[in-house]
Structure formats: structure tokens, C-alpha cells
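> One structure follows; several queries about it will come next.
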Amino acid sequence: MQKSSSSMNLGPGGLDIAQAFFKPIHNTSPPSPTKRHTKISVIGAGNVGMAIAQTILTQDLADELSLVDSKPEKLRGEMLDLQHAAAFLPRTAIRASVDPSITAGSDLIIVTAGARQIPGESRLNLLQRNVALFKSMVPPLAKYSPDAILLIVSNPVDVLTYVAWKISGFPANRVIGSGTNLDSSRFRFLIADHLDVNAQDVQAYIVGEHGDSSVALWSSISVGGVPVLSFLERQQIAYEKETLHKIHKEVVQSAYEVISLKGYTSWAIGYSAANLARTLLRDQRRIHPVTVLAKGFYGIEGGNVFLSLPAQLGRTGVLGVTNVHLNDEEVQQLRDSAKAILEVQSQLNI
């Protein structure tokens, strides 16, 4: 499945004519051993996985893109559909297989695969099925790419990032969840919409669980370098806390709204994952709110819990957690979020 039929040799008897098509110049040196070849693998060819793959291709983030899924016919169809766009995209080798060995030598492995919820099924039972899936899926990925960074997108992302860390045996800096990177983007959009500014000029984070117990860091929000709440207080401009709560609630509910309207989310998480891939593989050392091992930060204790904190990312994964100031209320909310995740983790057979 790695190549389409159009990539077969064109010469008589299957002769490879590529060598004859170009004539080498004299006195050439061998290829540089330091030349960097970037490989990304996407696990799961559903709506989210393919949105991520498409965004990675259009943003020219990889020399090689490997797709893995359990459905061979759909997988081949997705691979061919992307390959047929080659004339409109940066040059990237696109391969696909149900065999995880195709991911060998990956720099970044993005996991989107997960079990679908059966009507009437409890969240815990769904989670147990996803844990079983990860137990069969993650070990071969770690085996074939022992130096890769694992980026978990599958939900519930915080718990499954913990599961991937435990199963892979990778150091914590190389196991990351997409976490609240997208939540924070939605947050920035809503604030920008309220203030009629560009979202790129808004610095605002959602941290904690990627879910109902997430925490909006209102105390550190700034627009164009101006801290919003302290500015309002200095100018004696009244604002209602209820308005802030409504904006945060809208962030939490936004994914559900998209799902109710189109059946699934895909494009926003595709851009979010590609955004993280760019920072990681190009060592940009940007700050992203992503799922990391949070034990010891902001008084979070009680176990190895993964949740979202603003972290500096680079070529080796998580470089460190940013020392963002949280007020007392935000610290308590973050600890409560950690407790909620730990409670779920305690019910898993890991």
C-alpha cells in the first residue's frame, strides 16, 4: 500500500528510468550526512486524522508522511486522494499501511485513533476500551520510532496521554497531548471578537482538563501587551464576572456545538496539531497550553497526572513549563481539575 500503481517503473521490463532521466554533473560529492529528513506519522485516518494530515501537507512540515489505520480500503483511498494533489503541494512522500512498521524512524507520531462511543455506554467503559486499544497500538509505535515525540489527540486526551506515557516507556518530555491548545485558540477568538481586535494580538490560556473542569486564566489575559482586567480596574471600568463565566462556558461548549451541526470536529484540531508539529520539529520554542506531566506544579500532588499547562516546546518535546502567575482562585480550580483526572486514572488497569 506504500505506493500507488502510477509510481511503478516506466521502463521496459520494469526498468527504473529515473537514473537515465537525469545526467549527473562531473566532480560531485556524496549527499551530506547531516541533511535532515523529517517524518511524521498520523495514526487514525478518520476525520480528525485526515484534517491533520492535510494541514501538515499544505504547511510543508514533513518530507515523509505515513498514515496508519485499521481499515485498509479507506486508508488506501485517503492516501491516493492526497497523492493525486501532488502537483499542488510541496513535495512530500505519502505512504499508508495497516502495519505500524511503516512509521519506523518517525520524528513525530500523532495519535488520533480511538474507539467510538456506543449508545448508552458509560464514559468509563469507553475509556477502558481506548486503554485496551492503546495497549495494542502504542508499543509497536515506540519500538519502530524509539526517539520520536508522541502527540496524543485522541480523547479524553489528558488521561490517554498518561496512558501513552506509561505504555511507551518514553520520558515525559516526549509524550504530549494536544490538550487545551485548541480551547485556548477558541478563547482568544471569543475575546478578540468582544474587543474587536485580531486574535493573534490576544494572549490568553485555558489550562487544566481538556473538558468541563478546564480553567480560564483571566488574571493573565493581555491584549497588545496590556493586561485586560487590571486595565479595566485602573480605568474604573465595570465588568461582570458573569460575563467572563459565559465566555469560558462558550469555549467549553463550542466543540459540542460544532459536533451537533456537522457531526464531528476536524479543521480546527487539524490546524492546532499542525501548529504544534511546526513548533516541535522546527525547534521554535514557542509557548503552547498542552497536556504535560503536571506533578509538582501549582501544588498539584497525589500522582502522575497529565493536564494542560503553558509549556515551552522544541525539538526534544517539552522544554519546560512557563511560570504563569495564577491567582488563588485559579490555583484551586487547577488543583480540582487535577483531582478529577486522577480520580478517573485510578479506575484504569495500567
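Ordering of the C-alpha cells sets the chain letters (A, B, ...); residue numbers start at 1 within each chain; ligands are numbered from 1 in the order shown.
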For the contact check between region 239-347 of chain A and region 38-42 of chain A, emit one row per residue of region 239-347 of chain A within 12 Å, containing the shortest atom pair and the distance in Å rounded to one decimal, counting only C-alpha atoms, chain then rising number order, as a Markdown table.

| residue | atom | partner | partner_atom | distance |
| --- | --- | --- | --- | --- |
| A:Gly270 | CA | A:Val42 | CA | 11.3 |
| A:Ala273 | CA | A:Val42 | CA | 10.7 |
| A:Ala274 | CA | A:Ile40 | CA | 10.6 |
| A:Ala277 | CA | A:Ile40 | CA | 8.8 |
| A:Arg278 | CA | A:Ile40 | CA | 11.0 |
| A:Leu280 | CA | A:Ile40 | CA | 11.4 |
| A:Leu281 | CA | A:Thr38 | CA | 7.9 |
| A:Arg282 | CA | A:Thr38 | CA | 9.9 |
| A:Arg315 | CA | A:Thr38 | CA | 11.5 |
> Could you save those same residues with C-alpha atoms as a PDB file, in the first residue's frame?

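Output (result.pdb):
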ATOM      1  CA  GLY A 270      -6.115  19.900  12.275  1.00  0.00           C
ATOM      2  CA  ALA A 273      -1.997  19.809  15.687  1.00  0.00           C
ATOM      3  CA  ALA A 274      -0.061  21.206  12.720  1.00  0.00           C
ATOM      4  CA  ALA A 277       4.095  19.986  14.896  1.00  0.00           C
ATOM      5  CA  ARG A 278       5.729  23.116  13.489  1.00  0.00           C
ATOM      6  CA  LEU A 280       8.232  20.842  17.865  1.00  0.00           C
ATOM      7  CA  LEU A 281      10.004  19.864  14.651  1.00  0.00           C
ATOM      8  CA  ARG A 282      11.410  23.294  13.842  1.00  0.00           C
ATOM      9  CA  ARG A 315      12.795  19.682  19.077  1.00  0.00           C
TER      10      ARG A 315
END
> Mind checking which residues fall within 9 Å of region 113-125 of chain A, counting only C-alpha atoms, ignoring those fewer than 5 positions away in the same chain, and posting them as a PDB file with N, CA and C atoms, in the first residue's frame?

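Generated file (around35.pdb):
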ATOM      1  N   VAL A  42       0.756   9.743  11.170  1.00  0.00           N
ATOM      2  CA  VAL A  42      -0.571  10.018  11.732  1.00  0.00           C
ATOM      3  C   VAL A  42      -1.286   8.683  11.908  1.00  0.00           C
ATOM      4  N   ILE A  43      -1.678   8.394  13.138  1.00  0.00           N
ATOM      5  CA  ILE A  43      -2.347   7.133  13.462  1.00  0.00           C
ATOM      6  C   ILE A  43      -3.840   7.379  13.558  1.00  0.00           C
ATOM      7  N   GLY A  44      -4.586   6.832  12.614  1.00  0.00           N
ATOM      8  CA  GLY A  44      -6.029   7.052  12.547  1.00  0.00           C
ATOM      9  C   GLY A  44      -6.365   7.924  11.357  1.00  0.00           C
ATOM     10  N   ALA A  45      -7.076   7.345  10.372  1.00  0.00           N
ATOM     11  CA  ALA A  45      -7.396   8.080   9.145  1.00  0.00           C
ATOM     12  C   ALA A  45      -8.857   8.518   9.121  1.00  0.00           C
ATOM     13  N   GLY A  46      -9.386   8.866  10.282  1.00  0.00           N
ATOM     14  CA  GLY A  46     -10.740   9.405  10.354  1.00  0.00           C
ATOM     15  C   GLY A  46     -10.746  10.882  10.006  1.00  0.00           C
ATOM     16  N   VAL A  48     -10.543  13.566  11.892  1.00  0.00           N
ATOM     17  CA  VAL A  48      -9.506  14.345  12.573  1.00  0.00           C
ATOM     18  C   VAL A  48      -8.125  14.024  12.002  1.00  0.00           C
ATOM     19  N   GLY A  49      -7.831  12.736  11.852  1.00  0.00           N
ATOM     20  CA  GLY A  49      -6.525  12.336  11.333  1.00  0.00           C
ATOM     21  C   GLY A  49      -6.251  12.897   9.959  1.00  0.00           C
ATOM     22  N   ASP A  69      -4.039   3.023   9.711  1.00  0.00           N
ATOM     23  CA  ASP A  69      -5.425   2.838  10.126  1.00  0.00           C
ATOM     24  C   ASP A  69      -5.756   1.351  10.032  1.00  0.00           C
ATOM     25  N   ASN A 130     -10.598   2.341  25.051  1.00  0.00           N
ATOM     26  CA  ASN A 130      -9.499   3.103  24.453  1.00  0.00           C
ATOM     27  C   ASN A 130      -8.155   2.731  25.076  1.00  0.00           C
ATOM     28  N   LEU A 133      -7.091  -0.357  23.406  1.00  0.00           N
ATOM     29  CA  LEU A 133      -6.586  -0.018  22.070  1.00  0.00           C
ATOM     30  C   LEU A 133      -5.164   0.516  22.149  1.00  0.00           C
ATOM     31  N   PHE A 134      -4.913   1.413  23.102  1.00  0.00           N
ATOM     32  CA  PHE A 134      -3.580   1.990  23.262  1.00  0.00           C
ATOM     33  C   PHE A 134      -2.557   0.919  23.653  1.00  0.00           C
ATOM     34  N   VAL A 153      -3.850  13.065  20.415  1.00  0.00           N
ATOM     35  CA  VAL A 153      -5.008  13.909  20.116  1.00  0.00           C
ATOM     36  C   VAL A 153      -6.302  13.202  20.511  1.00  0.00           C
ATOM     37  N   SER A 154      -6.269  11.871  20.580  1.00  0.00           N
ATOM     38  CA  SER A 154      -7.453  11.079  20.936  1.00  0.00           C
ATOM     39  C   SER A 154      -8.018  11.522  22.283  1.00  0.00           C
ATOM     40  N   ASN A 155      -9.338  11.487  22.395  1.00  0.00           N
ATOM     41  CA  ASN A 155      -9.999  11.886  23.645  1.00  0.00           C
ATOM     42  C   ASN A 155     -10.453  10.690  24.476  1.00  0.00           C
ATOM     43  N   VAL A 344     -10.263   9.534  37.650  1.00  0.00           N
ATOM     44  CA  VAL A 344     -10.509   8.666  36.505  1.00  0.00           C
ATOM     45  C   VAL A 344      -9.327   7.720  36.302  1.00  0.00           C
ATOM     46  N   GLN A 347      -9.106   4.421  38.183  1.00  0.00           N
ATOM     47  CA  GLN A 347     -10.007   3.337  37.809  1.00  0.00           C
ATOM     48  C   GLN A 347      -9.499   2.522  36.621  1.00  0.00           C
ATOM     49  N   LEU A 348      -8.319   2.893  36.119  1.00  0.00           N
ATOM     50  CA  LEU A 348      -7.757   2.209  34.954  1.00  0.00           C
ATOM     51  C   LEU A 348      -6.823   1.081  35.384  1.00  0.00           C
TER      52      LEU A 348
END
> Would you work out the distance separating CA of Leu160 (chain A) from CA of Ile176 (chain A), expressed in Å to one decimal?
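Computing the Euclidean distance for CA of Leu160 (chain A) and CA of Ile176 (chain A) yields 10.1 Å.
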> Give me the residues within 9 Å of Ile149 (chain A) as a PyMOL selection string, counting only C-alpha atoms and dropping any in the same chain fewer than 6 places off.
chain A and resi 106-110+170+173-176+280+315-317
> Would you list the contacts of Lys246 (chain A) as a VMD selection string, taking every protein, DNA or RNA residue within 12 Å and counting only C-alpha atoms, but skipping same-chain residues closer than 5 positions in sequence?
chain A and resid 187 190 to 191 216 240 to 241 251 to 254
> Enumerate, as a PyMOL selection string, the complete set of residues in region 143-349 of chain A that a backbone-based DSSP assignment places in strand (DSSP E or B).
chain A and resi 149-152+175-177+202-203+206-208+215-216+222-223+226-227+287-293+306-314+317-321
> Excluding Ile167 (chain A) and residues on its chain fewer than 4 positions from it, collect all residues at most 10 Å away from it, counting only C-alpha atoms, and give them as a ChimeraX atom specification.
/A:131,134-139,142,161-163,350
> Give me the residues within 8 Å of Val223 (chain A) as an mmCIF file with all heavy atoms, in the first residue's frame, counting only C-alpha atoms and dropping any in the same chain fewer than 2 places off.

data_model
loop_
_atom_site.group_PDB
_atom_site.id
_atom_site.type_symbol
_atom_site.label_atom_id
_atom_site.label_comp_id
_atom_site.auth_asym_id
_atom_site.auth_seq_id
_atom_site.Cartn_x
_atom_site.Cartn_y
_atom_site.Cartn_z
ATOM 1 N N ASP A 201 -3.336 39.072 18.536
ATOM 2 C CA ASP A 201 -2.876 40.077 19.495
ATOM 3 C C ASP A 201 -3.375 39.805 20.903
ATOM 4 O O ASP A 201 -3.106 40.572 21.830
ATOM 5 C CB ASP A 201 -3.327 41.477 19.062
ATOM 6 C CG ASP A 201 -2.613 41.940 17.803
ATOM 7 O OD1 ASP A 201 -1.418 41.650 17.679
ATOM 8 O OD2 ASP A 201 -3.260 42.573 16.950
ATOM 9 N N VAL A 202 -4.115 38.707 21.068
ATOM 10 C CA VAL A 202 -4.654 38.331 22.374
ATOM 11 C C VAL A 202 -3.820 37.184 22.944
ATOM 12 O O VAL A 202 -3.613 36.163 22.294
ATOM 13 C CB VAL A 202 -6.124 37.879 22.267
ATOM 14 C CG1 VAL A 202 -6.651 37.435 23.631
ATOM 15 C CG2 VAL A 202 -6.993 38.993 21.689
ATOM 16 N N GLN A 203 -3.318 37.356 24.155
ATOM 17 C CA GLN A 203 -2.627 36.272 24.849
ATOM 18 C C GLN A 203 -3.532 35.814 25.990
ATOM 19 O O GLN A 203 -3.810 36.571 26.923
ATOM 20 C CB GLN A 203 -1.273 36.714 25.397
ATOM 21 C CG GLN A 203 -0.478 35.552 26.001
ATOM 22 C CD GLN A 203 0.948 35.932 26.353
ATOM 23 O OE1 GLN A 203 1.178 36.991 26.917
ATOM 24 N NE2 GLN A 203 1.895 35.073 26.020
ATOM 25 N N ILE A 221 -4.686 37.473 31.190
ATOM 26 C CA ILE A 221 -5.045 37.831 29.809
ATOM 27 C C ILE A 221 -4.515 39.219 29.470
ATOM 28 O O ILE A 221 -4.626 40.157 30.259
ATOM 29 C CB ILE A 221 -6.572 37.806 29.615
ATOM 30 C CG1 ILE A 221 -7.080 36.374 29.658
ATOM 31 C CG2 ILE A 221 -6.977 38.454 28.294
ATOM 32 C CD1 ILE A 221 -8.575 36.267 29.583
ATOM 33 N N GLY A 225 -0.188 43.432 24.809
ATOM 34 C CA GLY A 225 0.704 43.638 25.942
ATOM 35 C C GLY A 225 0.049 44.311 27.133
ATOM 36 O O GLY A 225 0.701 44.503 28.162
ATOM 37 N N VAL A 226 -1.226 44.675 27.020
ATOM 38 C CA VAL A 226 -1.931 45.352 28.112
ATOM 39 C C VAL A 226 -2.758 44.329 28.887
ATOM 40 O O VAL A 226 -3.662 43.708 28.319
ATOM 41 C CB VAL A 226 -2.865 46.462 27.575
ATOM 42 C CG1 VAL A 226 -3.607 47.131 28.729
ATOM 43 C CG2 VAL A 226 -2.073 47.475 26.762
ATOM 44 N N PRO A 227 -2.484 44.106 30.185
ATOM 45 C CA PRO A 227 -3.297 43.192 30.997
ATOM 46 C C PRO A 227 -4.735 43.703 31.068
ATOM 47 O O PRO A 227 -4.977 44.828 31.523
ATOM 48 C CB PRO A 227 -2.623 43.230 32.371
ATOM 49 C CG PRO A 227 -1.239 43.736 32.109
ATOM 50 C CD PRO A 227 -1.364 44.676 30.951
ATOM 51 N N VAL A 228 -5.683 42.894 30.621
ATOM 52 C CA VAL A 228 -7.047 43.370 30.423
ATOM 53 C C VAL A 228 -7.746 43.727 31.739
ATOM 54 O O VAL A 228 -8.261 44.841 31.904
ATOM 55 C CB VAL A 228 -7.872 42.324 29.645
ATOM 56 C CG1 VAL A 228 -9.348 42.740 29.584
ATOM 57 C CG2 VAL A 228 -7.325 42.175 28.231
#
> For a quick check of understanding, using only C-alpha atoms, which of A:Leu57, A:Val98, A:Ile206, A:Ala87 has the smallest distance to Lys71 (chain A)?
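Closest candidate: A:Val98.
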> Going by DSSP on the backbone, which bits of region 49-285 of chain A are helix (DSSP H, G or I)? Write them as a PyMOL selection string, please.
chain A and resi 49-58+72-83+86-88+100-103+123-144+157-168+172-174+181-195+199-201+218-220+228-234+241-262+267-281
> Go through region 127-171 of chain A and flag each residue having an atom no more than 12 Å from region 292-309 of chain A; for those, report the closest pair of atoms plus their distance in Å to one decimal, using only C-alpha atoms, ordered by chain and rising number, as JSON lines.

{"residue": "A:Leu150", "atom": "CA", "partner": "A:Val292", "partner_atom": "CA", "distance": 11.5}
{"residue": "A:Leu151", "atom": "CA", "partner": "A:Val292", "partner_atom": "CA", "distance": 10.5}
{"residue": "A:Ile152", "atom": "CA", "partner": "A:Val292", "partner_atom": "CA", "distance": 10.7}
{"residue": "A:Pro156", "atom": "CA", "partner": "A:Leu307", "partner_atom": "CA", "distance": 10.8}
{"residue": "A:Val157", "atom": "CA", "partner": "A:Leu307", "partner_atom": "CA", "distance": 8.7}
{"residue": "A:Asp158", "atom": "CA", "partner": "A:Leu307", "partner_atom": "CA", "distance": 5.5}
{"residue": "A:Val159", "atom": "CA", "partner": "A:Phe306", "partner_atom": "CA", "distance": 6.8}
{"residue": "A:Leu160", "atom": "CA", "partner": "A:Phe306", "partner_atom": "CA", "distance": 9.0}
{"residue": "A:Thr161", "atom": "CA", "partner": "A:Phe306", "partner_atom": "CA", "distance": 6.9}
{"residue": "A:Tyr162", "atom": "CA", "partner": "A:Phe306", "partner_atom": "CA", "distance": 5.8}
{"residue": "A:Val163", "atom": "CA", "partner": "A:Phe306", "partner_atom": "CA", "distance": 9.6}
{"residue": "A:Ala164", "atom": "CA", "partner": "A:Phe306", "partner_atom": "CA", "distance": 10.8}
{"residue": "A:Trp165", "atom": "CA", "partner": "A:Leu293", "partner_atom": "CA", "distance": 9.3}
{"residue": "A:Lys166", "atom": "CA", "partner": "A:Asn304", "partner_atom": "CA", "distance": 10.0}
{"residue": "A:Pro171", "atom": "CA", "partner": "A:Leu293", "partner_atom": "CA", "distance": 10.2}
> Output N, CA and C atoms for every residue in that selection, as an mmCIF file, in the first residue's frame.

data_model
loop_
_atom_site.group_PDB
_atom_site.id
_atom_site.type_symbol
_atom_site.label_atom_id
_atom_site.label_comp_id
_atom_site.auth_asym_id
_atom_site.auth_seq_id
_atom_site.Cartn_x
_atom_site.Cartn_y
_atom_site.Cartn_z
ATOM 1 N N LEU A 150 5.685 11.646 20.884
ATOM 2 C CA LEU A 150 4.295 11.215 20.766
ATOM 3 C C LEU A 150 3.372 12.394 21.054
ATOM 4 N N LEU A 151 2.501 12.706 20.106
ATOM 5 C CA LEU A 151 1.499 13.754 20.299
ATOM 6 C C LEU A 151 0.127 13.094 20.277
ATOM 7 N N ILE A 152 -0.535 13.064 21.420
ATOM 8 C CA ILE A 152 -1.824 12.400 21.551
ATOM 9 C C ILE A 152 -2.947 13.413 21.323
ATOM 10 N N PRO A 156 -10.497 10.821 25.810
ATOM 11 C CA PRO A 156 -10.136 12.009 26.606
ATOM 12 C C PRO A 156 -8.619 12.191 26.626
ATOM 13 N N VAL A 157 -8.154 13.297 26.082
ATOM 14 C CA VAL A 157 -6.745 13.463 25.752
ATOM 15 C C VAL A 157 -5.823 13.442 26.976
ATOM 16 N N ASP A 158 -6.266 13.993 28.099
ATOM 17 C CA ASP A 158 -5.389 14.060 29.269
ATOM 18 C C ASP A 158 -5.094 12.667 29.821
ATOM 19 N N VAL A 159 -6.130 11.866 29.997
ATOM 20 C CA VAL A 159 -5.955 10.518 30.528
ATOM 21 C C VAL A 159 -5.208 9.639 29.530
ATOM 22 N N LEU A 160 -5.526 9.765 28.234
ATOM 23 C CA LEU A 160 -4.868 8.920 27.230
ATOM 24 C C LEU A 160 -3.412 9.327 27.017
ATOM 25 N N THR A 161 -3.073 10.578 27.284
ATOM 26 C CA THR A 161 -1.656 10.967 27.243
ATOM 27 C C THR A 161 -0.898 10.281 28.373
ATOM 28 N N TYR A 162 -1.520 10.237 29.547
ATOM 29 C CA TYR A 162 -0.937 9.489 30.679
ATOM 30 C C TYR A 162 -0.772 8.017 30.313
ATOM 31 N N VAL A 163 -1.789 7.428 29.701
ATOM 32 C CA VAL A 163 -1.752 6.016 29.298
ATOM 33 C C VAL A 163 -0.608 5.781 28.302
ATOM 34 N N ALA A 164 -0.494 6.670 27.307
ATOM 35 C CA ALA A 164 0.571 6.536 26.300
ATOM 36 C C ALA A 164 1.951 6.642 26.940
ATOM 37 N N TRP A 165 2.087 7.544 27.906
ATOM 38 C CA TRP A 165 3.365 7.701 28.618
ATOM 39 C C TRP A 165 3.727 6.425 29.367
ATOM 40 N N LYS A 166 2.754 5.865 30.084
ATOM 41 C CA LYS A 166 3.001 4.650 30.858
ATOM 42 C C LYS A 166 3.347 3.468 29.952
ATOM 43 N N PRO A 171 10.347 9.071 27.984
ATOM 44 C CA PRO A 171 10.444 10.120 29.015
ATOM 45 C C PRO A 171 9.282 11.087 28.860
#
> Report, in Å to a single decimal, how far apart CA of Arg188 (chain A) and CA of Ser213 (chain A) are.
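Answer for the CA of Ser213 (chain A) to CA of Arg188 (chain A) separation: 18.4 Å.
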